[in-house]
file protein.pdb (PDB, C-alpha atoms, pLDDT in the B column)
ATOM      1  CA  MET A   1     -95.661 -73.578   1.512  1.00 93.00           C
ATOM      2  CA  ILE A   2     -95.066 -74.523   5.145  1.00 96.00           C
ATOM      3  CA  ARG A   3     -97.770 -73.015   7.333  1.00 97.00           C
ATOM      4  CA  ILE A   4     -96.461 -71.904  10.739  1.00 98.00           C
ATOM      5  CA  VAL A   5     -98.018 -70.914  14.060  1.00 98.00           C
ATOM      6  CA  ILE A   6     -95.703 -69.271  16.604  1.00 98.00           C
ATOM      7  CA  ALA A   7     -96.496 -69.596  20.316  1.00 97.00           C
ATOM      8  CA  ASP A   8     -94.553 -67.355  22.708  1.00 97.00           C
ATOM      9  CA  ASP A   9     -95.793 -65.225  25.581  1.00 95.00           C
ATOM     10  CA  ILE A  10     -93.468 -62.322  24.710  1.00 95.00           C
ATOM     11  CA  GLN A  11     -95.085 -60.324  21.924  1.00 95.00           C
ATOM     12  CA  ILE A  12     -91.928 -58.735  20.532  1.00 95.00           C
ATOM     13  CA  LEU A  13     -90.255 -62.135  20.254  1.00 94.00           C
ATOM     14  CA  ARG A  14     -93.078 -63.825  18.360  1.00 94.00           C
ATOM     15  CA  GLN A  15     -93.433 -60.822  16.055  1.00 95.00           C
ATOM     16  CA  GLY A  16     -89.695 -60.679  15.438  1.00 95.00           C
ATOM     17  CA  LEU A  17     -89.556 -64.393  14.721  1.00 95.00           C
ATOM     18  CA  ALA A  18     -92.498 -64.072  12.345  1.00 96.00           C
ATOM     19  CA  ALA A  19     -90.653 -61.344  10.437  1.00 96.00           C
ATOM     20  CA  ILE A  20     -87.526 -63.511  10.152  1.00 95.00           C
ATOM     21  CA  LEU A  21     -89.392 -66.627   9.008  1.00 96.00           C
ATOM     22  CA  SER A  22     -91.500 -64.702   6.500  1.00 93.00           C
ATOM     23  CA  GLN A  23     -88.345 -63.873   4.545  1.00 93.00           C
ATOM     24  CA  ASP A  24     -88.135 -67.514   3.472  1.00 95.00           C
ATOM     25  CA  LYS A  25     -90.202 -68.145   0.330  1.00 94.00           C
ATOM     26  CA  GLU A  26     -91.234 -71.615   1.515  1.00 95.00           C
ATOM     27  CA  ILE A  27     -92.695 -70.443   4.839  1.00 96.00           C
ATOM     28  CA  ILE A  28     -95.841 -68.520   5.707  1.00 97.00           C
ATOM     29  CA  VAL A  29     -96.724 -67.530   9.279  1.00 98.00           C
ATOM     30  CA  VAL A  30    -100.480 -68.016   9.667  1.00 98.00           C
ATOM     31  CA  GLY A  31    -100.894 -67.230  13.348  1.00 97.00           C
ATOM     32  CA  LEU A  32     -99.321 -65.878  16.538  1.00 98.00           C
ATOM     33  CA  ALA A  33    -100.239 -67.239  19.954  1.00 97.00           C
ATOM     34  CA  ALA A  34     -99.483 -65.995  23.468  1.00 97.00           C
ATOM     35  CA  ASP A  35     -99.811 -69.422  25.107  1.00 96.00           C
ATOM     36  CA  GLY A  36    -100.477 -73.109  24.482  1.00 96.00           C
ATOM     37  CA  LYS A  37    -104.247 -72.701  24.418  1.00 97.00           C
ATOM     38  CA  GLU A  38    -104.150 -70.032  21.713  1.00 97.00           C
ATOM     39  CA  ALA A  39    -101.790 -72.220  19.688  1.00 97.00           C
ATOM     40  CA  TRP A  40    -104.229 -75.132  20.003  1.00 97.00           C
ATOM     41  CA  GLU A  41    -107.131 -72.911  18.919  1.00 97.00           C
ATOM     42  CA  LEU A  42    -105.165 -71.662  15.902  1.00 98.00           C
ATOM     43  CA  CYS A  43    -104.531 -75.254  14.852  1.00 97.00           C
ATOM     44  CA  GLY A  44    -108.279 -75.625  14.499  1.00 96.00           C
ATOM     45  CA  THR A  45    -108.774 -72.489  12.406  1.00 97.00           C
ATOM     46  CA  GLU A  46    -105.517 -72.189  10.446  1.00 97.00           C
ATOM     47  CA  ARG A  47    -104.434 -75.842  10.047  1.00 96.00           C
ATOM     48  CA  PRO A  48    -100.669 -75.175  10.262  1.00 97.00           C
ATOM     49  CA  ASP A  49     -98.034 -77.700   9.292  1.00 97.00           C
ATOM     50  CA  VAL A  50     -95.737 -76.773  12.172  1.00 97.00           C
ATOM     51  CA  VAL A  51     -96.185 -75.037  15.528  1.00 98.00           C
ATOM     52  CA  LEU A  52     -93.142 -73.322  17.043  1.00 97.00           C
ATOM     53  CA  MET A  53     -93.811 -73.699  20.753  1.00 97.00           C
ATOM     54  CA  ASP A  54     -92.169 -71.992  23.708  1.00 96.00           C
ATOM     55  CA  MET A  55     -92.308 -74.084  26.880  1.00 94.00           C
ATOM     56  CA  ARG A  56     -92.696 -71.670  29.770  1.00 92.00           C
ATOM     57  CA  MET A  57     -95.794 -69.532  29.309  1.00 94.00           C
ATOM     58  CA  PRO A  58     -98.370 -68.368  31.877  1.00 90.00           C
ATOM     59  CA  GLU A  59    -101.411 -70.559  32.588  1.00 88.00           C
ATOM     60  CA  TYR A  60    -101.411 -72.695  29.418  1.00 94.00           C
ATOM     61  CA  ASP A  61     -97.770 -73.625  28.939  1.00 94.00           C
ATOM     62  CA  GLY A  62     -95.978 -75.504  26.198  1.00 94.00           C
ATOM     63  CA  SER A  63     -96.661 -78.940  27.662  1.00 93.00           C
ATOM     64  CA  TRP A  64    -100.393 -78.221  27.744  1.00 94.00           C
ATOM     65  CA  GLY A  65    -100.326 -76.965  24.168  1.00 96.00           C
ATOM     66  CA  ILE A  66     -98.281 -79.885  22.839  1.00 95.00           C
ATOM     67  CA  SER A  67    -100.496 -82.489  24.493  1.00 93.00           C
ATOM     68  CA  ARG A  68    -103.760 -80.955  23.263  1.00 94.00           C
ATOM     69  CA  ILE A  69    -102.487 -80.346  19.745  1.00 96.00           C
ATOM     70  CA  LYS A  70    -101.135 -83.882  19.429  1.00 93.00           C
ATOM     71  CA  GLU A  71    -104.419 -85.254  20.745  1.00 92.00           C
ATOM     72  CA  ASP A  72    -106.705 -83.237  18.458  1.00 95.00           C
ATOM     73  CA  PHE A  73    -104.422 -82.493  15.488  1.00 95.00           C
ATOM     74  CA  PRO A  74    -101.878 -85.332  15.359  1.00 92.00           C
ATOM     75  CA  GLU A  75    -100.779 -84.379  11.864  1.00 94.00           C
ATOM     76  CA  VAL A  76     -99.371 -81.051  13.106  1.00 96.00           C
ATOM     77  CA  LYS A  77     -95.651 -81.133  13.857  1.00 96.00           C
ATOM     78  CA  ILE A  78     -94.452 -79.310  16.970  1.00 95.00           C
ATOM     79  CA  LEU A  79     -90.985 -77.838  17.226  1.00 95.00           C
ATOM     80  CA  VAL A  80     -90.122 -76.486  20.670  1.00 95.00           C
ATOM     81  CA  LEU A  81     -88.179 -73.219  20.502  1.00 94.00           C
ATOM     82  CA  THR A  82     -87.189 -72.071  23.977  1.00 90.00           C
ATOM     83  CA  THR A  83     -84.327 -70.794  26.114  1.00 90.00           C
ATOM     84  CA  PHE A  84     -84.428 -73.717  28.550  1.00 85.00           C
ATOM     85  CA  ASP A  85     -82.571 -77.007  28.130  1.00 79.00           C
ATOM     86  CA  ASP A  86     -82.812 -78.367  31.687  1.00 81.00           C
ATOM     87  CA  ALA A  87     -83.821 -81.980  32.232  1.00 78.00           C
ATOM     88  CA  LYS A  88     -87.311 -81.224  33.551  1.00 83.00           C
ATOM     89  CA  THR A  89     -88.280 -78.990  30.623  1.00 86.00           C
ATOM     90  CA  VAL A  90     -86.819 -81.316  27.984  1.00 84.00           C
ATOM     91  CA  GLU A  91     -88.593 -84.319  29.502  1.00 82.00           C
ATOM     92  CA  ALA A  92     -91.893 -82.421  29.647  1.00 85.00           C
ATOM     93  CA  ALA A  93     -91.661 -81.469  25.974  1.00 87.00           C
ATOM     94  CA  VAL A  94     -90.616 -84.874  24.663  1.00 84.00           C
ATOM     95  CA  GLY A  95     -93.040 -86.677  26.940  1.00 83.00           C
ATOM     96  CA  SER A  96     -95.893 -84.500  25.659  1.00 86.00           C
ATOM     97  CA  GLY A  97     -95.102 -85.456  22.067  1.00 89.00           C
ATOM     98  CA  ALA A  98     -92.847 -82.718  20.660  1.00 91.00           C
ATOM     99  CA  ASP A  99     -91.266 -83.564  17.301  1.00 91.00           C
ATOM    100  CA  GLY A 100     -88.168 -81.462  17.947  1.00 89.00           C
ATOM    101  CA  TYR A 101     -86.520 -79.201  20.502  1.00 90.00           C
ATOM    102  CA  ILE A 102     -84.146 -76.337  19.725  1.00 91.00           C
ATOM    103  CA  LEU A 103     -82.945 -73.269  21.596  1.00 90.00           C
ATOM    104  CA  LYS A 104     -83.560 -69.605  20.818  1.00 90.00           C
ATOM    105  CA  GLU A 105     -79.834 -68.974  20.723  1.00 88.00           C
ATOM    106  CA  MET A 106     -79.673 -70.914  17.453  1.00 87.00           C
ATOM    107  CA  GLU A 107     -78.880 -68.956  14.267  1.00 90.00           C
ATOM    108  CA  ASP A 108     -81.871 -67.873  12.170  1.00 93.00           C
ATOM    109  CA  GLU A 109     -80.938 -70.123   9.241  1.00 91.00           C
ATOM    110  CA  ARG A 110     -80.657 -73.185  11.477  1.00 89.00           C
ATOM    111  CA  VAL A 111     -84.093 -72.451  12.939  1.00 93.00           C
ATOM    112  CA  ILE A 112     -85.506 -72.353   9.414  1.00 94.00           C
ATOM    113  CA  GLN A 113     -83.705 -75.584   8.496  1.00 91.00           C
ATOM    114  CA  SER A 114     -85.085 -77.216  11.648  1.00 92.00           C
ATOM    115  CA  ILE A 115     -88.634 -76.183  10.734  1.00 94.00           C
ATOM    116  CA  LYS A 116     -88.288 -77.696   7.270  1.00 93.00           C
ATOM    117  CA  ALA A 117     -86.775 -80.884   8.673  1.00 90.00           C
ATOM    118  CA  VAL A 118     -89.543 -81.354  11.258  1.00 91.00           C
ATOM    119  CA  CYS A 119     -92.186 -80.643   8.621  1.00 92.00           C
ATOM    120  CA  GLY A 120     -90.611 -83.413   6.542  1.00 89.00           C
ATOM    121  CA  GLY A 121     -90.917 -85.906   9.387  1.00 87.00           C
ATOM    122  CA  ILE A 122     -87.375 -85.650  10.781  1.00 84.00           C
ATOM    123  CA  ARG A 123     -86.976 -85.271  14.533  1.00 81.00           C
ATOM    124  CA  VAL A 124     -84.653 -82.379  15.371  1.00 83.00           C
ATOM    125  CA  PHE A 125     -82.854 -81.740  18.656  1.00 81.00           C
ATOM    126  CA  GLY A 126     -80.245 -79.109  19.469  1.00 74.00           C
ATOM    127  CA  ASP A 127     -76.834 -80.373  20.582  1.00 63.00           C
ATOM    128  CA  SER A 128     -77.301 -79.602  24.282  1.00 57.00           C
ATOM    129  CA  VAL A 129     -80.816 -81.049  24.241  1.00 64.00           C
ATOM    130  CA  PHE A 130     -79.628 -84.256  22.571  1.00 54.00           C
ATOM    131  CA  GLU A 131     -76.898 -84.584  25.203  1.00 57.00           C
ATOM    132  CA  GLU A 132     -79.464 -84.149  27.971  1.00 54.00           C
ATOM    133  CA  LEU A 133     -81.654 -86.883  26.478  1.00 57.00           C
ATOM    134  CA  ARG A 134     -78.632 -89.156  26.123  1.00 55.00           C
ATOM    135  CA  ARG A 135     -77.599 -88.457  29.725  1.00 58.00           C
ATOM    136  CA  GLN A 136     -81.087 -89.289  30.976  1.00 55.00           C
ATOM    137  CA  MET A 137     -81.051 -92.622  29.174  1.00 52.00           C
ATOM    138  CA  VAL A 138     -77.579 -93.529  30.384  1.00 49.00           C
ATOM    139  CA  SER A 139     -78.166 -92.443  33.985  1.00 51.00           C
ATOM    140  CA  SER A 140     -81.655 -93.903  34.305  1.00 51.00           C
ATOM    141  CA  ALA A 141     -81.902 -96.542  36.980  1.00 45.00           C
ATOM    142  CA  GLU A 142     -81.597 -99.959  35.394  1.00 47.00           C
ATOM    143  CA  PRO A 143     -85.091-101.454  35.412  1.00 50.00           C
ATOM    144  CA  LYS A 144     -85.592-104.882  36.845  1.00 52.00           C
ATOM    145  CA  PRO A 145     -85.638-107.293  33.884  1.00 53.00           C
ATOM    146  CA  LEU A 146     -89.029-108.720  33.184  1.00 54.00           C
ATOM    147  CA  GLU A 147     -89.537-112.303  34.244  1.00 57.00           C
ATOM    148  CA  ALA A 148     -90.534-114.786  31.558  1.00 52.00           C
ATOM    149  CA  THR A 149     -94.040-114.911  32.994  1.00 57.00           C
ATOM    150  CA  GLU A 150     -94.291-111.106  32.841  1.00 64.00           C
ATOM    151  CA  VAL A 151     -93.118-111.056  29.231  1.00 66.00           C
ATOM    152  CA  ALA A 152     -95.739-113.681  28.428  1.00 68.00           C
ATOM    153  CA  LYS A 153     -98.420-111.322  29.758  1.00 79.00           C
ATOM    154  CA  LEU A 154     -97.578-108.779  27.068  1.00 87.00           C
ATOM    155  CA  THR A 155     -99.791-109.248  24.045  1.00 90.00           C
ATOM    156  CA  LYS A 156     -98.426-109.306  20.512  1.00 90.00           C
ATOM    157  CA  ARG A 157    -100.036-105.912  19.889  1.00 93.00           C
ATOM    158  CA  GLU A 158     -98.472-104.419  23.030  1.00 92.00           C
ATOM    159  CA  ARG A 159     -95.033-105.587  21.896  1.00 90.00           C
ATOM    160  CA  GLU A 160     -95.651-104.006  18.501  1.00 93.00           C
ATOM    161  CA  PHE A 161     -96.562-100.731  20.211  1.00 92.00           C
ATOM    162  CA  MET A 162     -93.379-100.930  22.301  1.00 90.00           C
ATOM    163  CA  ARG A 163     -91.169-101.528  19.279  1.00 89.00           C
ATOM    164  CA  CYS A 164     -92.739 -98.653  17.366  1.00 89.00           C
ATOM    165  CA  VAL A 165     -92.435 -96.215  20.275  1.00 87.00           C
ATOM    166  CA  SER A 166     -88.784 -97.214  20.793  1.00 83.00           C
ATOM    167  CA  ARG A 167     -88.172 -96.267  17.150  1.00 82.00           C
ATOM    168  CA  GLY A 168     -89.521 -92.760  17.801  1.00 80.00           C
ATOM    169  CA  MET A 169     -92.762 -93.193  15.843  1.00 85.00           C
ATOM    170  CA  ASP A 170     -95.779 -91.018  16.667  1.00 86.00           C
ATOM    171  CA  ASN A 171     -99.376 -92.279  16.833  1.00 89.00           C
ATOM    172  CA  LYS A 172    -100.079 -91.496  13.185  1.00 88.00           C
ATOM    173  CA  GLU A 173     -96.996 -93.377  12.031  1.00 89.00           C
ATOM    174  CA  ILE A 174     -97.772 -96.344  14.286  1.00 92.00           C
ATOM    175  CA  ALA A 175    -101.351 -96.432  13.004  1.00 91.00           C
ATOM    176  CA  ALA A 176    -100.091 -96.566   9.410  1.00 92.00           C
ATOM    177  CA  GLU A 177     -97.494 -99.208  10.263  1.00 90.00           C
ATOM    178  CA  LEU A 178     -99.980-101.495  12.034  1.00 93.00           C
ATOM    179  CA  PHE A 179    -103.077-100.644   9.957  1.00 93.00           C
ATOM    180  CA  LEU A 180    -104.978 -99.315  12.961  1.00 92.00           C
ATOM    181  CA  ALA A 181    -106.985 -96.194  13.768  1.00 92.00           C
ATOM    182  CA  GLU A 182    -105.020 -93.466  15.578  1.00 88.00           C
ATOM    183  CA  GLY A 183    -107.492 -93.596  18.464  1.00 89.00           C
ATOM    184  CA  THR A 184    -106.835 -97.303  18.874  1.00 91.00           C
ATOM    185  CA  VAL A 185    -103.097 -96.635  19.023  1.00 92.00           C
ATOM    186  CA  ARG A 186    -103.467 -93.772  21.498  1.00 91.00           C
ATOM    187  CA  ASN A 187    -105.704 -95.790  23.828  1.00 91.00           C
ATOM    188  CA  GLY A 188    -103.546 -98.897  23.524  1.00 91.00           C
ATOM    189  CA  ILE A 189    -100.365 -97.059  24.459  1.00 91.00           C
ATOM    190  CA  SER A 190    -102.116 -95.357  27.394  1.00 90.00           C
ATOM    191  CA  ARG A 191    -103.225 -98.739  28.731  1.00 90.00           C
ATOM    192  CA  LEU A 192     -99.734-100.149  28.176  1.00 90.00           C
ATOM    193  CA  LEU A 193     -98.134 -97.307  30.168  1.00 87.00           C
ATOM    194  CA  GLU A 194    -100.566 -97.959  33.010  1.00 86.00           C
ATOM    195  CA  LYS A 195     -99.918-101.698  32.854  1.00 86.00           C
ATOM    196  CA  LEU A 196     -96.150-101.240  33.089  1.00 85.00           C
ATOM    197  CA  GLY A 197     -96.277 -98.416  35.639  1.00 82.00           C
ATOM    198  CA  LEU A 198     -94.603 -95.918  33.298  1.00 81.00           C
ATOM    199  CA  LYS A 199     -95.565 -92.265  32.958  1.00 78.00           C
ATOM    200  CA  ASP A 200     -94.732 -91.355  29.352  1.00 82.00           C
ATOM    201  CA  ARG A 201     -93.514 -92.544  25.937  1.00 83.00           C
ATOM    202  CA  THR A 202     -89.904 -91.674  26.709  1.00 79.00           C
ATOM    203  CA  GLN A 203     -89.901 -94.068  29.676  1.00 79.00           C
ATOM    204  CA  LEU A 204     -91.639 -96.691  27.530  1.00 83.00           C
ATOM    205  CA  ALA A 205     -88.943 -96.398  24.842  1.00 81.00           C
ATOM    206  CA  VAL A 206     -86.130 -96.739  27.380  1.00 78.00           C
ATOM    207  CA  PHE A 207     -87.935 -99.613  29.100  1.00 80.00           C
ATOM    208  CA  THR A 208     -88.371-101.419  25.772  1.00 82.00           C
ATOM    209  CA  VAL A 209     -84.698-101.132  24.835  1.00 75.00           C
ATOM    210  CA  LYS A 210     -83.385-102.118  28.272  1.00 74.00           C
ATOM    211  CA  ASN A 211     -85.614-105.181  28.358  1.00 76.00           C
ATOM    212  CA  ARG A 212     -84.523-106.104  24.820  1.00 76.00           C
ATOM    213  CA  LEU A 213     -88.074-105.995  23.477  1.00 78.00           C
ATOM    214  CA  ASP A 214     -87.208-103.759  20.515  1.00 69.00           C
TER     215      ASP A 214
END
call {"tool": "encode", "arguments": {"input": "protein.pdb", "output": "structure tokens"}}
result
Amino acid sequence: MIRIVIADDIQILRQGLAAILSQDKEIIVVGLAADGKEAWELCGTERPDVVLMDMRMPEYDGSWGISRIKEDFPEVKILVLTTFDDAKTVEAAVGSGADGYILKEMEDERVIQSIKAVCGGIRVFGDSVFEELRRQMVSSAEPKPLEATEVAKLTKREREFMRCVSRGMDNKEIAAELFLAEGTVRNGISRLLEKLGLKDRTQLAVFTVKNRLD
């Protein structure tokens, strides 16, 4: 069974979604949250496999919830389910660590398929969201290529982190790949972002590809 927590500030929507998902024999809804903080708290008590997370919620929004859940419960997959596909919201979700991003206009069966895919480790993005991500990468200002001396300053481990992030791997996957503790990976990537003057993993992935370090 796939254990689900639904986070949405509109009660009728989260209850309606719970009723729809509960019709699938492979899914059980174990908690309903009104914001990101409640979703994070439910991860501690209910240990869900997947959190369906809205992005725009009062006080503790989706970005807050995603970041805290990924920090404290990295094994939990987070699938954003929202009505917004603008650049700022998409970037906030992906940068916080979301495993997928779909829109509420999607058919019920496709939402269920997306949940199962994300639970299985597949990253899922709706068509318009994927196009927005692609547009951001294409339109991003071309970074100044690193000089040979700057490349030399990158340690072997930092280059390994960069390659893994550019492949879309999360901290748990990177830790398994490099035989490290998740905390070591998380701290190492944070220091690498600071070192390169980048603000999130999405920028790091683009930076890695454009500098041919992948």
call {"tool": "closest_atom_pairs", "arguments": {"input": "protein.pdb", "of": "region 33-148 of chain A", "to": "region 2-26 of chain A", "cutoff": "6 Å", "atoms": "all atoms listed in the file", "output": "JSON lines"}}
result
{"residue": "A:Ala33", "atom": "CA", "partner": "A:Ala7", "partner_atom": "CA", "distance": 4.4}
{"residue": "A:Ala34", "atom": "CA", "partner": "A:Asp9", "partner_atom": "CA", "distance": 4.3}
{"residue": "A:Asp35", "atom": "CA", "partner": "A:Ala7", "partner_atom": "CA", "distance": 5.8}
{"residue": "A:Ala39", "atom": "CA", "partner": "A:Ala7", "partner_atom": "CA", "distance": 5.9}
{"residue": "A:Pro48", "atom": "CA", "partner": "A:Arg3", "partner_atom": "CA", "distance": 4.7}
{"residue": "A:Asp49", "atom": "CA", "partner": "A:Arg3", "partner_atom": "CA", "distance": 5.1}
{"residue": "A:Val50", "atom": "CA", "partner": "A:Ile4", "partner_atom": "CA", "distance": 5.1}
{"residue": "A:Val51", "atom": "CA", "partner": "A:Val5", "partner_atom": "CA", "distance": 4.7}
{"residue": "A:Leu52", "atom": "CA", "partner": "A:Ile6", "partner_atom": "CA", "distance": 4.8}
{"residue": "A:Met53", "atom": "CA", "partner": "A:Ala7", "partner_atom": "CA", "distance": 4.9}
{"residue": "A:Asp54", "atom": "CA", "partner": "A:Asp8", "partner_atom": "CA", "distance": 5.3}
{"residue": "A:Met57", "atom": "CA", "partner": "A:Asp9", "partner_atom": "CA", "distance": 5.7}
call {"tool": "write_last_selection", "arguments": {"input": "protein.pdb", "atoms": "C-alpha atoms", "output": "mmCIF file, in the coordinates of the input"}}
result
data_model
loop_
_atom_site.group_PDB
_atom_site.id
_atom_site.type_symbol
_atom_site.label_atom_id
_atom_site.label_comp_id
_atom_site.auth_asym_id
_atom_site.auth_seq_id
_atom_site.Cartn_x
_atom_site.Cartn_y
_atom_site.Cartn_z
ATOM 1 C CA ALA A 33 -100.239 -67.239 19.954
ATOM 2 C CA ALA A 34 -99.483 -65.995 23.468
ATOM 3 C CA ASP A 35 -99.811 -69.422 25.107
ATOM 4 C CA ALA A 39 -101.790 -72.220 19.688
ATOM 5 C CA PRO A 48 -100.669 -75.175 10.262
ATOM 6 C CA ASP A 49 -98.034 -77.700 9.292
ATOM 7 C CA VAL A 50 -95.737 -76.773 12.172
ATOM 8 C CA VAL A 51 -96.185 -75.037 15.528
ATOM 9 C CA LEU A 52 -93.142 -73.322 17.043
ATOM 10 C CA MET A 53 -93.811 -73.699 20.753
ATOM 11 C CA ASP A 54 -92.169 -71.992 23.708
ATOM 12 C CA MET A 57 -95.794 -69.532 29.309
#
call {"tool": "closest_residue", "arguments": {"input": "protein.pdb", "among": "A:Gly65, A:Gly188, A:Gly197, A:Gly31", "to": "Glu160 (chain A)", "atoms": "all atoms listed in the file"}}
result
A:Gly188
call {"tool": "residues_near_point", "arguments": {"input": "protein.pdb", "point": "(-102.3, -86.0, 19.6)", "cutoff": "12 Å", "atoms": "all atoms listed in the file", "output": "MDAnalysis selection string"}}
result
chainID A and resid 40 43 64:78 95:99 170:173 182:183 185:187
call {"tool": "closest_residue", "arguments": {"input": "protein.pdb", "among": "A:Arg157, A:Ala93, A:Phe125, A:Gln203", "to": "Gln113 (chain A)", "atoms": "all atoms listed in the file"}}
result
A:Phe125
call {"tool": "resolve_selection", "arguments": {"input": "protein.pdb", "expression": "the PyMOL selection byres ((chain A and resi 91) around 10)", "output": "ChimeraX atom specification"}}
result
/A:63,85-90,92-98,129,132-133,136,200,202-203
call {"tool": "write_last_selection", "arguments": {"input": "protein.pdb", "atoms": "C-alpha atoms", "output": "compact mmCIF listing (two decimals), in the frame of the given file"}}
result
# COMPACT_ATOMS: atom_id res chain seq x y z
CA SER A 63 -96.66 -78.94 27.66
CA ASP A 85 -82.57 -77.01 28.13
CA ASP A 86 -82.81 -78.37 31.69
CA ALA A 87 -83.82 -81.98 32.23
CA LYS A 88 -87.31 -81.22 33.55
CA THR A 89 -88.28 -78.99 30.62
CA VAL A 90 -86.82 -81.32 27.98
CA ALA A 92 -91.89 -82.42 29.65
CA ALA A 93 -91.66 -81.47 25.97
CA VAL A 94 -90.62 -84.87 24.66
CA GLY A 95 -93.04 -86.68 26.94
CA SER A 96 -95.89 -84.50 25.66
CA GLY A 97 -95.10 -85.46 22.07
CA ALA A 98 -92.85 -82.72 20.66
CA VAL A 129 -80.82 -81.05 24.24
CA GLU A 132 -79.46 -84.15 27.97
CA LEU A 133 -81.65 -86.88 26.48
CA GLN A 136 -81.09 -89.29 30.98
CA ASP A 200 -94.73 -91.36 29.35
CA THR A 202 -89.90 -91.67 26.71
CA GLN A 203 -89.90 -94.07 29.68
call {"tool": "closest_residue", "arguments": {"input": "protein.pdb", "among": "A:Glu59, A:Leu81, A:Ile27, A:Lys153", "to": "Lys116 (chain A)", "atoms": "only C-alpha atoms"}}
result
A:Ile27
call {"tool": "resolve_selection", "arguments": {"input": "protein.pdb", "expression": "the PyMOL selection byres ((chain A and resi 167) around 12)", "output": "list in words"}}
result
Arg123, Glu160, Phe161, Met162, Arg163, Cys164, Val165, Ser166, Gly168, Met169, Asp170, Asn171, Glu173, Ile174, Glu177, Arg201, Thr202, Leu204, Ala205, Val206, Thr208, Val209, Leu213 and Asp214 of chain A
call {"tool": "write_last_selection", "arguments": {"input": "protein.pdb", "atoms": "C-alpha atoms", "output": "mmCIF file, in the frame of the given file"}}
result
data_model
loop_
_atom_site.group_PDB
_atom_site.id
_atom_site.type_symbol
_atom_site.label_atom_id
_atom_site.label_comp_id
_atom_site.auth_asym_id
_atom_site.auth_seq_id
_atom_site.Cartn_x
_atom_site.Cartn_y
_atom_site.Cartn_z
ATOM 1 C CA ARG A 123 -86.976 -85.271 14.533
ATOM 2 C CA GLU A 160 -95.651 -104.006 18.501
ATOM 3 C CA PHE A 161 -96.562 -100.731 20.211
ATOM 4 C CA MET A 162 -93.379 -100.930 22.301
ATOM 5 C CA ARG A 163 -91.169 -101.528 19.279
ATOM 6 C CA CYS A 164 -92.739 -98.653 17.366
ATOM 7 C CA VAL A 165 -92.435 -96.215 20.275
ATOM 8 C CA SER A 166 -88.784 -97.214 20.793
ATOM 9 C CA GLY A 168 -89.521 -92.760 17.801
ATOM 10 C CA MET A 169 -92.762 -93.193 15.843
ATOM 11 C CA ASP A 170 -95.779 -91.018 16.667
ATOM 12 C CA ASN A 171 -99.376 -92.279 16.833
ATOM 13 C CA GLU A 173 -96.996 -93.377 12.031
ATOM 14 C CA ILE A 174 -97.772 -96.344 14.286
ATOM 15 C CA GLU A 177 -97.494 -99.208 10.263
ATOM 16 C CA ARG A 201 -93.514 -92.544 25.937
ATOM 17 C CA THR A 202 -89.904 -91.674 26.709
ATOM 18 C CA LEU A 204 -91.639 -96.691 27.530
ATOM 19 C CA ALA A 205 -88.943 -96.398 24.842
ATOM 20 C CA VAL A 206 -86.130 -96.739 27.380
ATOM 21 C CA THR A 208 -88.371 -101.419 25.772
ATOM 22 C CA VAL A 209 -84.698 -101.132 24.835
ATOM 23 C CA LEU A 213 -88.074 -105.995 23.477
ATOM 24 C CA ASP A 214 -87.208 -103.759 20.515
#
call {"tool": "atom_distance", "arguments": {"input": "protein.pdb", "atom1": "CA of Ile122 (chain A)", "atom2": "CA of Ala175 (chain A)"}}
result
17.8 Å
